[in-house]
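Asker: I'd like to ask you about the structure that follows.
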Amino acid sequence: MKILSLENLPEVKILRPSKLEDRRGFFSETYNYQQLKNLGEELKFVQDNQSLSRDRYTLRGLHFQSPPFAQDKLIRVLHGSALDVAVDIRKNSKTFGKHVVVKLSASEFNQILVPKGFAHGFCTMAKENLVFYGCTNYRSKDDEIGILWNDSELKIKWPIKNPII
């Protein structure tokens with residue numbers, strides 16, 4: 001597995017799992033606790049989430065869980081593609097309010113690690129999108145917070161002005 005830090009928000013990382021391919025298809029470890037720990041990321045997931053978005057330009061987020069239910073998330077697209085966004089919401093951070101946009105797709109076989117202290121959202125770019133993510137803390141409905149996807153201060157360049165919300 002390769003881990004790449006993003007230049008403008010180095011806490012957000014792209015993970016590229018290795019694939020063992022043959023004539024039947026492939027096998028991949030998409031998460032391995034010890035391997036990630038050896039690379040400097042100690043993540044124990046306690047909850048898996050999956051979403052299906054049937055239409056292109058469906059937007060989910062921006063959302064996060066407030067402490068003590070904050071979550072690290074490891075997100076990947078199992079079918080289709082999405083523009084994934086992570087926004088730094090750590091008030092004392094030098095990069096507070098900054099964001100990154102990463103294309104995730106089943107064909108690229110990439111993942112994004114969105115740490116605690118970041119809001120997360122995505123816009124689907126294909127018809128029939130299946131997104132899977134592991135979380136390091138349990139969902140607490142009372143501690144869910146959202147940020148308006150088109151907040152003018154964030155200046156996120158979404159691929160569409162009127163997404164399906």
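Identifiers in this document derive from the order of the structure tokens: chains are assigned A, B, ..., residues are numbered from 1 separately in each chain, and ligands are numbered from 1 in order of occurrence.
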What residues in region 3-145 of chain A get the DSSP label helix (DSSP H, G or I)? Please answer as JSON, numbers by chain.

Answerer: {"A": [33, 34, 35, 36, 37, 38, 141, 142, 143]}

Asker: Show which residues sit within 10 Å of Leu148 (chain A), as number ranges by chain. Count only C-alpha atoms, and ignore same-chain residues fewer than 6 positions away.

Answerer: A: 61-63, 154

Asker: Contacts of Ser18 (chain A) at 12 Å or less, counting only C-alpha atoms, minus same-chain residues fewer than 3 places along, as a list in words?

Answerer: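 My list of contacting residues is Met1, Lys2, Ile3, Leu15, Glu21, Phe26, Phe27, Ser28, Glu29, Thr30, Tyr31, Asn32, Gln35, Glu108, Phe109, Asn110 and Gln111 of chain A.
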
Asker: Quick one: write out the picked residues with N, CA, C and O atoms as a compact mmCIF listing (two decimals), in the first residue's frame?

Answerer:
```
# COMPACT_ATOMS: atom_id res chain seq x y z
N MET A 1 0.84 -1.17 0.00
CA MET A 1 0.00 0.00 0.00
C MET A 1 0.89 1.24 0.00
O MET A 1 1.88 1.30 0.70
N LYS A 2 0.49 2.22 -0.80
CA LYS A 2 1.19 3.49 -0.84
C LYS A 2 0.32 4.55 -0.19
O LYS A 2 -0.91 4.55 -0.37
N ILE A 3 0.94 5.44 0.59
CA ILE A 3 0.23 6.56 1.20
C ILE A 3 0.86 7.85 0.69
O ILE A 3 2.07 8.04 0.78
N LEU A 15 -4.63 6.87 -0.31
CA LEU A 15 -4.10 5.52 -0.16
C LEU A 15 -4.32 4.75 -1.45
O LEU A 15 -5.40 4.83 -2.04
N GLU A 21 -3.14 -9.38 -9.33
CA GLU A 21 -4.04 -9.68 -10.43
C GLU A 21 -3.61 -10.94 -11.18
O GLU A 21 -2.42 -11.23 -11.30
N PHE A 26 -8.67 -9.97 -9.40
CA PHE A 26 -7.64 -9.49 -8.49
C PHE A 26 -8.04 -9.73 -7.04
O PHE A 26 -9.19 -10.01 -6.72
N PHE A 27 -7.05 -9.59 -6.17
CA PHE A 27 -7.23 -9.61 -4.72
C PHE A 27 -6.47 -8.41 -4.17
O PHE A 27 -5.39 -8.08 -4.64
N SER A 28 -7.07 -7.76 -3.16
CA SER A 28 -6.40 -6.61 -2.56
C SER A 28 -6.78 -6.50 -1.09
O SER A 28 -7.93 -6.72 -0.72
N GLU A 29 -5.79 -6.14 -0.27
CA GLU A 29 -6.06 -5.75 1.11
C GLU A 29 -6.29 -4.24 1.08
O GLU A 29 -5.35 -3.48 0.89
N THR A 30 -7.52 -3.82 1.26
CA THR A 30 -7.82 -2.39 1.20
C THR A 30 -7.60 -1.71 2.55
O THR A 30 -7.54 -0.48 2.62
N TYR A 31 -7.49 -2.50 3.59
CA TYR A 31 -7.17 -1.99 4.92
C TYR A 31 -6.39 -3.06 5.66
O TYR A 31 -6.80 -4.21 5.71
N ASN A 32 -5.25 -2.66 6.21
CA ASN A 32 -4.44 -3.56 7.01
C ASN A 32 -3.87 -2.72 8.15
O ASN A 32 -3.02 -1.84 7.94
N GLN A 35 0.02 -2.71 8.61
CA GLN A 35 0.71 -2.04 7.51
C GLN A 35 0.57 -0.52 7.61
O GLN A 35 1.54 0.21 7.44
N GLU A 108 -9.74 3.76 -10.67
CA GLU A 108 -8.44 4.20 -10.15
C GLU A 108 -8.04 3.46 -8.88
O GLU A 108 -6.88 3.49 -8.49
N PHE A 109 -9.03 2.85 -8.21
CA PHE A 109 -8.77 2.02 -7.03
C PHE A 109 -8.03 2.80 -5.95
O PHE A 109 -7.11 2.31 -5.31
N ASN A 110 -8.44 4.06 -5.77
CA ASN A 110 -7.81 4.90 -4.76
C ASN A 110 -8.77 5.15 -3.60
O ASN A 110 -9.97 4.94 -3.71
N GLN A 111 -8.21 5.57 -2.48
CA GLN A 111 -8.97 5.86 -1.27
C GLN A 111 -8.48 7.19 -0.71
O GLN A 111 -7.35 7.59 -0.96
```

Asker: Please provide the set of residues having any atom within 12 Å of Lys161 (chain A), restricted to only C-alpha atoms, with same-chain residues fewer than 6 positions apart removed, written as a list in words.

Answerer: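 The neighbour list is Tyr57, Thr58, Leu59, Cys123, Trp149 and Asn150 of chain A.
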
Asker: Using only C-alpha atoms, determine which residues lie at most 12 Å from Leu104 (chain A), disregarding the query and same-chain residues fewer than 3 positions distant; provide the list as a ChimeraX atom specification.

Answerer: /A:14-16,74-85,101,107-113,122-126,129-132

Asker: Find the spatial neighbours of Tyr33 (chain A), counting only C-alpha atoms, within a cut-off of 8 Å - ignore same-chain residues fewer than 3 positions away - and output them as a list in words.

Answerer: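 So, after excluding close chain neighbours, the residues are Leu36, Lys37, Glu42, Leu43 and Lys44 of chain A.
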
Asker: For the selection you just gave me, I'd like the residues written to a file as a compact mmCIF listing (two decimals), in the first residue's frame, keeping N, CA and C atoms.

Answerer:
```
# COMPACT_ATOMS: atom_id res chain seq x y z
N LEU A 36 -0.63 -0.04 7.91
CA LEU A 36 -0.82 1.40 8.05
C LEU A 36 -0.08 1.94 9.27
N LYS A 37 -0.06 1.18 10.35
CA LYS A 37 0.67 1.60 11.56
C LYS A 37 2.16 1.74 11.23
N GLU A 42 -2.17 5.03 12.53
CA GLU A 42 -2.76 4.01 13.41
C GLU A 42 -4.27 4.23 13.45
N LEU A 43 -5.00 3.43 12.70
CA LEU A 43 -6.44 3.58 12.56
C LEU A 43 -7.15 2.27 12.84
N LYS A 44 -8.03 2.29 13.82
CA LYS A 44 -8.88 1.13 14.10
C LYS A 44 -10.31 1.52 13.81
```

Asker: Could you tell me which of A:Lys155, A:Lys116, A:Arg56, A:Arg23 comes closest to Asp88 (chain A) if we count only C-alpha atoms?

Answerer: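 When distances to Asp88 (chain A) are compared using only C-alpha atoms, the smallest one comes from A:Lys116.
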
Asker: For Phe64 (chain A), work out the shell of residues within 8 Å, counting only C-alpha atoms and skipping chain neighbours fewer than 4 positions away, then give it as a ChimeraX atom specification.

Answerer: /A:70-71,118-120,144-146

Asker: Next, dump the selected residues to file, keeping only N, CA, C and O atoms, as a short mmCIF file (atom, residue, chain, number, x, y, z; two decimals), in the first residue's frame.

Answerer:
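What ended up in result_19.cif:
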```cif
data_model
loop_
_atom_site.label_atom_id
_atom_site.label_comp_id
_atom_site.auth_asym_id
_atom_site.auth_seq_id
_atom_site.Cartn_x
_atom_site.Cartn_y
_atom_site.Cartn_z
N ALA A 70 -16.06 12.48 17.07
CA ALA A 70 -15.31 12.77 15.84
C ALA A 70 -14.77 11.47 15.25
O ALA A 70 -14.47 10.52 15.98
N GLN A 71 -14.67 11.43 13.94
CA GLN A 71 -14.28 10.21 13.22
C GLN A 71 -13.18 10.48 12.20
O GLN A 71 -13.23 11.48 11.49
N PHE A 118 -11.93 17.37 10.13
CA PHE A 118 -12.23 17.74 8.76
C PHE A 118 -13.67 17.39 8.43
O PHE A 118 -14.16 16.31 8.81
N ALA A 119 -14.36 18.30 7.75
CA ALA A 119 -15.68 17.99 7.20
C ALA A 119 -15.47 17.24 5.90
O ALA A 119 -14.44 17.39 5.24
N HIS A 120 -16.46 16.44 5.53
CA HIS A 120 -16.33 15.58 4.36
C HIS A 120 -17.60 15.61 3.52
O HIS A 120 -18.71 15.68 4.06
N GLU A 144 -24.09 15.01 14.87
CA GLU A 144 -23.84 15.24 13.45
C GLU A 144 -24.00 16.73 13.15
O GLU A 144 -24.95 17.36 13.61
N ILE A 145 -23.06 17.25 12.40
CA ILE A 145 -23.10 18.67 12.02
C ILE A 145 -22.85 18.75 10.52
O ILE A 145 -22.05 17.99 9.97
N GLY A 146 -23.52 19.68 9.88
CA GLY A 146 -23.33 19.89 8.46
C GLY A 146 -22.93 21.32 8.16
O GLY A 146 -23.23 22.25 8.92
#
```

Asker: Of the candidates A:Ser93, A:Arg60, A:Val87, A:Val114, which one gets nearest to Glu11 (chain A) if we count only C-alpha atoms?

Answerer: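 Selected residue with least distance to Glu11 (chain A): A:Val114.
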